[in-house]
Amino acid sequence: MVSWAITGATRGIGLGFVDNLSVDPKNQVFAIIRSRGTAGPLEELAAKRKNIQIVVTDISDPRKLDQAAAEVSKVTVGSLDVLILNAGSAEPETSTLPPSAFRGKEEALEKEINENVKANLISNIYVINSFLDLVRNGKEKKIVFISSPSGDVEFNRVTGISTVLGYSVSKAGMNIVTTKFGAELAQDGIKTLSLSPGWVNTDAAQAVTGAPDIRKFMLNAFRKIDQSVNEPISVDESVTHQLQVIQSLTEANSGKFVTHHGNVDWF
Ligand SMILES: NC(=O)c1ccc[n+]([C@@H]2O[C@H](COP(=O)([O-])OP(=O)(O)OC[C@H]3O[C@@H](n4cnc5c(N)ncnc54)[C@H](OP(=O)(O)O)[C@@H]3O)[C@@H](O)[C@H]2O)c1
């Protein structure tokens with residue numbers, strides 16, 4: 001058995017990982033979620049596939065995460081092969097503002113940065129630390145952070161996208177944290193990776209690039225990188241590619257930030 005834990009597993013890419021992995025009865029899949037409120041499709045899947053276990057926790061609370069890790073440990077007898085940090089969101093409505101628009105709006109700026117850093121960076125450090133002993137005992141010893149092109153300097157430089165400030169800062173920051181964990185844990189044989197999933201057709205993508213005028217603006221920006229891009233890829237396509245990249249994660253490429261193609265092709 002290969003054991004996998006995926007955070008943010010109710011919808012979108014997280015649910016895609018659970019669906020794709022649990023097809024193989026040799027995988028044991030832990031779907032880590034914050035609430036059953038949006039977990040209808042996941043629960044339906046788990047009712048059909050006995051190798052899926054749903055674990056409800058709060059990734060902003062280390063004590064609850066320790067309990068979640070203990071739940072996983074009971075099933076796996078103290079180990080976890082692959083931890084996927086997928087939960088993430090672009091927080092407040094101020095995400096449409098470029099940096100200079102925050103002049104005189106210090107409170108809004110702090111909220112924009114802090115909420116995203118709390119949700120997408122600090123919580124992920126809590127998740128890693130709570131599950132680390134299990135990963136140490138795993139066979140694969142892989143920790144994968146689902147990042148975003150928004151967290152890449154060159155992507156932002158070339159596309160000229162100046163908004164989604166806090167989200168971008170949180171993803172760029174977590175890329176560094178992931179590299180730091182890789183540096184620290186190499187001696188234990190643990191590999192880490194920051195992985196961009198591509199532009200993927202999910203609720204989150206719909207929220208950020210769904211409105212027709214924003215979609216047009218984003219497409220123009222994206223086409224500065226890749227002229228052929230037209231629309232987001234499906235969850236299934238993204239997850240299939242990502243799993244190939246995770247498969248090929250070794251000590252040699254541990255700590256890197258790559259795309260679902262395993263390189264710097266963002267789309
Ligand atoms: N879609 C894209 O094009 C794209 C591009 C780049 C990066 N990403 C990244 O890919 C990951 C998955 O995104 P998605 O597109 O699949 O989004 P999605 O469809 O909105 O799903 C997000 C998942 O994360 C969970 N989540 C969000 N904030 C959370 C929090 N604070 N604590 C616990 N769970 C939380 C949600 O749970 P609930 O159901 O409870 O809300 C849901 O399960 C994210 O990290 C995102 O930044 C996506």
# chains A, B, ... in the order shown; residues from 1 in each chain; ligands from 1
>>> select_by_dssp(residues="stretch 6-246 of chain A", states="strand (DSSP E)", output="list of chain:residue names")
A:Ile6, A:Thr7, A:Asn27, A:Gln28, A:Val29, A:Phe30, A:Ala31, A:Ile32, A:Ile33, A:Ile52, A:Gln53, A:Ile54, A:Val55, A:Val56, A:Val82, A:Leu83, A:Ile84, A:Leu85, A:Lys142, A:Ile143, A:Val144, A:Phe145, A:Ile146, A:Lys191, A:Thr192, A:Leu193, A:Ser194, A:Leu195, A:Ser196
>>> residues_around(residues="A:Ile143", least_positions_apart="4", cutoff="9 Å", atoms="only C-alpha atoms", output="ChimeraX atom specification")
/A:81-85,128,135,178,182,190-194
>>> residues_near_ligand(ligand="ligand 1", cutoff="6 Å", atoms="only C-alpha atoms and all ligand atoms", output="number ranges by chain")
A: 8-14, 33-35, 38, 59, 86-89, 119, 146-148, 196-205
>>> residues_around(residues="A:Val72", least_positions_apart="4", cutoff="10 Å", atoms="only C-alpha atoms", output="PDB file with N, CA, C and O atoms, in the first residue's frame")
ATOM      1  N   SER A   3       0.425   5.200   0.965  1.00  0.00           N
ATOM      2  CA  SER A   3      -0.535   6.077   1.650  1.00  0.00           C
ATOM      3  C   SER A   3      -0.333   7.531   1.243  1.00  0.00           C
ATOM      4  O   SER A   3       0.792   8.018   1.139  1.00  0.00           O
ATOM      5  N   TRP A   4      -1.458   8.216   1.005  1.00  0.00           N
ATOM      6  CA  TRP A   4      -1.460   9.612   0.552  1.00  0.00           C
ATOM      7  C   TRP A   4      -2.396  10.410   1.431  1.00  0.00           C
ATOM      8  O   TRP A   4      -3.510   9.944   1.713  1.00  0.00           O
ATOM      9  N   ALA A   5      -1.998  11.618   1.817  1.00  0.00           N
ATOM     10  CA  ALA A   5      -2.920  12.538   2.498  1.00  0.00           C
ATOM     11  C   ALA A   5      -2.981  13.819   1.678  1.00  0.00           C
ATOM     12  O   ALA A   5      -1.945  14.369   1.306  1.00  0.00           O
ATOM     13  N   VAL A  29      -5.957   6.418   0.645  1.00  0.00           N
ATOM     14  CA  VAL A  29      -6.057   7.870   0.458  1.00  0.00           C
ATOM     15  C   VAL A  29      -6.784   8.524   1.632  1.00  0.00           C
ATOM     16  O   VAL A  29      -7.931   8.158   1.948  1.00  0.00           O
ATOM     17  N   PHE A  30      -6.126   9.489   2.259  1.00  0.00           N
ATOM     18  CA  PHE A  30      -6.743  10.253   3.338  1.00  0.00           C
ATOM     19  C   PHE A  30      -7.138  11.618   2.796  1.00  0.00           C
ATOM     20  O   PHE A  30      -6.278  12.400   2.368  1.00  0.00           O
ATOM     21  N   ILE A  32      -8.236  15.048   3.584  1.00  0.00           N
ATOM     22  CA  ILE A  32      -8.226  15.945   4.750  1.00  0.00           C
ATOM     23  C   ILE A  32      -9.081  17.170   4.406  1.00  0.00           C
ATOM     24  O   ILE A  32      -8.741  17.900   3.461  1.00  0.00           O
ATOM     25  N   GLN A  53     -10.369   7.486   3.176  1.00  0.00           N
ATOM     26  CA  GLN A  53     -10.828   7.840   4.519  1.00  0.00           C
ATOM     27  C   GLN A  53     -10.881   9.362   4.657  1.00  0.00           C
ATOM     28  O   GLN A  53      -9.906  10.049   4.345  1.00  0.00           O
ATOM     29  N   ILE A  54     -12.031   9.860   5.099  1.00  0.00           N
ATOM     30  CA  ILE A  54     -12.190  11.314   5.267  1.00  0.00           C
ATOM     31  C   ILE A  54     -11.771  11.699   6.686  1.00  0.00           C
ATOM     32  O   ILE A  54     -12.191  11.068   7.657  1.00  0.00           O
ATOM     33  N   VAL A  55     -10.927  12.736   6.773  1.00  0.00           N
ATOM     34  CA  VAL A  55     -10.469  13.230   8.078  1.00  0.00           C
ATOM     35  C   VAL A  55     -10.811  14.720   8.155  1.00  0.00           C
ATOM     36  O   VAL A  55     -10.357  15.507   7.328  1.00  0.00           O
ATOM     37  N   ASP A  66      -2.649  17.620  14.989  1.00  0.00           N
ATOM     38  CA  ASP A  66      -2.030  16.465  15.655  1.00  0.00           C
ATOM     39  C   ASP A  66      -3.046  15.332  15.787  1.00  0.00           C
ATOM     40  O   ASP A  66      -2.711  14.155  15.601  1.00  0.00           O
ATOM     41  N   GLN A  67      -4.295  15.702  16.095  1.00  0.00           N
ATOM     42  CA  GLN A  67      -5.348  14.668  16.202  1.00  0.00           C
ATOM     43  C   GLN A  67      -5.608  14.023  14.834  1.00  0.00           C
ATOM     44  O   GLN A  67      -5.797  12.810  14.734  1.00  0.00           O
ATOM     45  N   ALA A  68      -5.587  14.855  13.783  1.00  0.00           N
ATOM     46  CA  ALA A  68      -5.802  14.324  12.422  1.00  0.00           C
ATOM     47  C   ALA A  68      -4.673  13.353  12.063  1.00  0.00           C
ATOM     48  O   ALA A  68      -4.919  12.273  11.498  1.00  0.00           O
ATOM     49  N   THR A  76      -2.411   3.550   9.321  1.00  0.00           N
ATOM     50  CA  THR A  76      -1.164   3.222   8.615  1.00  0.00           C
ATOM     51  C   THR A  76      -0.091   2.661   9.551  1.00  0.00           C
ATOM     52  O   THR A  76       1.022   2.363   9.093  1.00  0.00           O
ATOM     53  N   VAL A  77      -0.434   2.567  10.826  1.00  0.00           N
ATOM     54  CA  VAL A  77       0.526   2.159  11.862  1.00  0.00           C
ATOM     55  C   VAL A  77       1.772   3.062  11.831  1.00  0.00           C
ATOM     56  O   VAL A  77       2.912   2.600  11.693  1.00  0.00           O
ATOM     57  N   GLY A  78       1.504   4.351  11.900  1.00  0.00           N
ATOM     58  CA  GLY A  78       2.582   5.314  12.172  1.00  0.00           C
ATOM     59  C   GLY A  78       3.327   5.857  10.977  1.00  0.00           C
ATOM     60  O   GLY A  78       4.414   6.431  11.143  1.00  0.00           O
ATOM     61  N   SER A  79       2.777   5.707   9.752  1.00  0.00           N
ATOM     62  CA  SER A  79       3.528   6.233   8.607  1.00  0.00           C
ATOM     63  C   SER A  79       2.608   6.938   7.602  1.00  0.00           C
ATOM     64  O   SER A  79       1.389   6.773   7.629  1.00  0.00           O
ATOM     65  N   LEU A  80       3.239   7.723   6.734  1.00  0.00           N
ATOM     66  CA  LEU A  80       2.526   8.334   5.594  1.00  0.00           C
ATOM     67  C   LEU A  80       3.538   8.477   4.469  1.00  0.00           C
ATOM     68  O   LEU A  80       4.628   8.998   4.678  1.00  0.00           O
ATOM     69  N   PHE A 131       2.403  16.237  10.550  1.00  0.00           N
ATOM     70  CA  PHE A 131       2.479  14.946   9.844  1.00  0.00           C
ATOM     71  C   PHE A 131       3.922  14.460   9.633  1.00  0.00           C
ATOM     72  O   PHE A 131       4.147  13.385   9.068  1.00  0.00           O
ATOM     73  N   LEU A 134       5.086  10.979  10.692  1.00  0.00           N
ATOM     74  CA  LEU A 134       4.508   9.925   9.836  1.00  0.00           C
ATOM     75  C   LEU A 134       5.267   9.843   8.513  1.00  0.00           C
ATOM     76  O   LEU A 134       5.571   8.749   8.022  1.00  0.00           O
TER      77      LEU A 134
END
>>> closest_residue(among="A:His260, A:Glu43, A:Lys180, A:Leu219", to="A:Thr240", atoms="only C-alpha atoms")
A:His260
>>> residues_around(residues="A:Gly189", least_positions_apart="6", cutoff="9 Å", atoms="only C-alpha atoms", output="ChimeraX atom specification")
/A:136,140-142,251
>>> closest_residue(among="A:Phe257, A:Tyr126, A:Phe222, A:Phe267", to="A:Glu237", atoms="only C-alpha atoms")
A:Phe267
>>> residues_around(residues="stretch 152-168 of chain A", least_positions_apart="4", cutoff="7 Å", atoms="only C-alpha atoms", output="ChimeraX atom specification")
/A:90,95-99,112-113,116,172,221-222,224-225
>>> write_last_selection(atoms="N, CA, C and O atoms", output="PDB file, in the first residue's frame")
ATOM      1  N   ALA A  90      -7.626  32.376  -2.483  1.00  0.00           N
ATOM      2  CA  ALA A  90      -7.244  33.778  -2.609  1.00  0.00           C
ATOM      3  C   ALA A  90      -8.246  34.569  -1.787  1.00  0.00           C
ATOM      4  O   ALA A  90      -9.418  34.625  -2.125  1.00  0.00           O
ATOM      5  N   SER A  95      -8.144  41.639  -3.391  1.00  0.00           N
ATOM      6  CA  SER A  95      -7.199  40.963  -4.296  1.00  0.00           C
ATOM      7  C   SER A  95      -7.212  41.568  -5.705  1.00  0.00           C
ATOM      8  O   SER A  95      -6.308  41.314  -6.500  1.00  0.00           O
ATOM      9  N   THR A  96      -8.228  42.369  -6.016  1.00  0.00           N
ATOM     10  CA  THR A  96      -8.275  43.013  -7.346  1.00  0.00           C
ATOM     11  C   THR A  96      -7.392  44.266  -7.403  1.00  0.00           C
ATOM     12  O   THR A  96      -7.255  44.869  -8.475  1.00  0.00           O
ATOM     13  N   LEU A  97      -6.805  44.660  -6.257  1.00  0.00           N
ATOM     14  CA  LEU A  97      -6.023  45.906  -6.229  1.00  0.00           C
ATOM     15  C   LEU A  97      -4.534  45.662  -6.487  1.00  0.00           C
ATOM     16  O   LEU A  97      -3.960  44.711  -5.955  1.00  0.00           O
ATOM     17  N   PRO A  98      -3.893  46.561  -7.263  1.00  0.00           N
ATOM     18  CA  PRO A  98      -2.430  46.503  -7.387  1.00  0.00           C
ATOM     19  C   PRO A  98      -1.799  47.152  -6.143  1.00  0.00           C
ATOM     20  O   PRO A  98      -2.498  47.844  -5.387  1.00  0.00           O
ATOM     21  N   PRO A  99      -0.489  46.966  -5.930  1.00  0.00           N
ATOM     22  CA  PRO A  99       0.122  47.410  -4.662  1.00  0.00           C
ATOM     23  C   PRO A  99      -0.082  48.891  -4.335  1.00  0.00           C
ATOM     24  O   PRO A  99      -0.371  49.238  -3.194  1.00  0.00           O
ATOM     25  N   GLU A 112      -5.066  41.934   3.542  1.00  0.00           N
ATOM     26  CA  GLU A 112      -4.763  41.272   2.255  1.00  0.00           C
ATOM     27  C   GLU A 112      -3.550  40.337   2.397  1.00  0.00           C
ATOM     28  O   GLU A 112      -3.568  39.197   1.946  1.00  0.00           O
ATOM     29  N   ILE A 113      -2.498  40.847   3.016  1.00  0.00           N
ATOM     30  CA  ILE A 113      -1.289  40.022   3.161  1.00  0.00           C
ATOM     31  C   ILE A 113      -1.493  38.949   4.236  1.00  0.00           C
ATOM     32  O   ILE A 113      -1.253  37.761   4.000  1.00  0.00           O
ATOM     33  N   ASN A 116      -3.960  35.848   3.615  1.00  0.00           N
ATOM     34  CA  ASN A 116      -3.421  34.885   2.652  1.00  0.00           C
ATOM     35  C   ASN A 116      -2.228  34.119   3.218  1.00  0.00           C
ATOM     36  O   ASN A 116      -2.112  32.906   3.021  1.00  0.00           O
ATOM     37  N   ALA A 172       4.516  32.504  -3.080  1.00  0.00           N
ATOM     38  CA  ALA A 172       5.968  32.659  -3.230  1.00  0.00           C
ATOM     39  C   ALA A 172       6.659  32.317  -1.917  1.00  0.00           C
ATOM     40  O   ALA A 172       7.691  31.631  -1.887  1.00  0.00           O
ATOM     41  N   ALA A 221      -2.877  38.433 -20.772  1.00  0.00           N
ATOM     42  CA  ALA A 221      -1.663  38.333 -19.948  1.00  0.00           C
ATOM     43  C   ALA A 221      -1.009  36.961 -20.136  1.00  0.00           C
ATOM     44  O   ALA A 221       0.202  36.861 -20.382  1.00  0.00           O
ATOM     45  N   PHE A 222      -1.829  35.902 -20.063  1.00  0.00           N
ATOM     46  CA  PHE A 222      -1.295  34.533 -20.178  1.00  0.00           C
ATOM     47  C   PHE A 222      -0.623  34.333 -21.549  1.00  0.00           C
ATOM     48  O   PHE A 222       0.373  33.617 -21.671  1.00  0.00           O
ATOM     49  N   LYS A 224       1.113  36.261 -23.195  1.00  0.00           N
ATOM     50  CA  LYS A 224       2.489  36.786 -23.257  1.00  0.00           C
ATOM     51  C   LYS A 224       3.485  35.675 -22.940  1.00  0.00           C
ATOM     52  O   LYS A 224       4.656  35.760 -23.259  1.00  0.00           O
ATOM     53  N   ILE A 225       2.976  34.617 -22.287  1.00  0.00           N
ATOM     54  CA  ILE A 225       3.822  33.457 -21.957  1.00  0.00           C
ATOM     55  C   ILE A 225       3.624  32.358 -22.995  1.00  0.00           C
ATOM     56  O   ILE A 225       4.580  31.724 -23.425  1.00  0.00           O
TER      57      ILE A 225
END
>>> closest_residue(among="A:Val75, A:Val127, A:Ala186, A:Leu15", to="A:Met1", atoms="only C-alpha atoms")
A:Val75
>>> select_by_dssp(residues="stretch 11-100 of chain A", states="helix (DSSP H, G or I)", output="VMD selection string")
chain A and resid 12 to 22 36 to 38 40 to 48 62 to 76 93 to 96 99 to 100
>>> closest_residue(among="A:Ile214, A:Ile122, A:Val144, A:Ala207", to="A:Ile246", atoms="only C-alpha atoms")
A:Val144
>>> closest_residue(among="A:Glu93, A:Ser130, A:Leu195, A:Glu71", to="A:Thr179", atoms="only C-alpha atoms")
A:Leu195
>>> residues_around(residues="A:Asp24", least_positions_apart="6", cutoff="10 Å", atoms="only C-alpha atoms", output="compact mmCIF listing (two decimals) with N, CA, C and O atoms, in the first residue's frame")
# COMPACT_ATOMS: atom_id res chain seq x y z
N MET A 1 0.83 -1.21 0.00
CA MET A 1 0.00 0.00 0.00
C MET A 1 0.86 1.26 0.00
O MET A 1 1.86 1.32 0.70
N VAL A 2 0.44 2.23 -0.78
CA VAL A 2 1.06 3.56 -0.71
C VAL A 2 0.03 4.49 -0.08
O VAL A 2 -1.11 4.56 -0.54
N ARG A 49 -15.56 3.62 -2.55
CA ARG A 49 -14.17 3.12 -2.52
C ARG A 49 -13.67 3.06 -1.08
O ARG A 49 -13.50 4.08 -0.42
N ASN A 51 -10.86 2.45 0.08
CA ASN A 51 -9.50 2.94 0.37
C ASN A 51 -9.44 4.46 0.56
O ASN A 51 -8.36 5.05 0.56
>>> atom_distance(atom1="atom CA of A:Asn27", atom2="atom CA of A:Lys50")
10.4 Å
>>> closest_residue(among="A:Asp133, A:Arg36, A:Glu106, A:Asn20", to="A:Ser73", atoms="only C-alpha atoms")
A:Asp133
>>> atom_distance(atom1="atom CA of A:His261", atom2="atom CA of A:Val239")
10.8 Å
>>> atom_distance(atom1="atom CA of A:Phe217", atom2="atom CA of A:Thr94")
17.6 Å
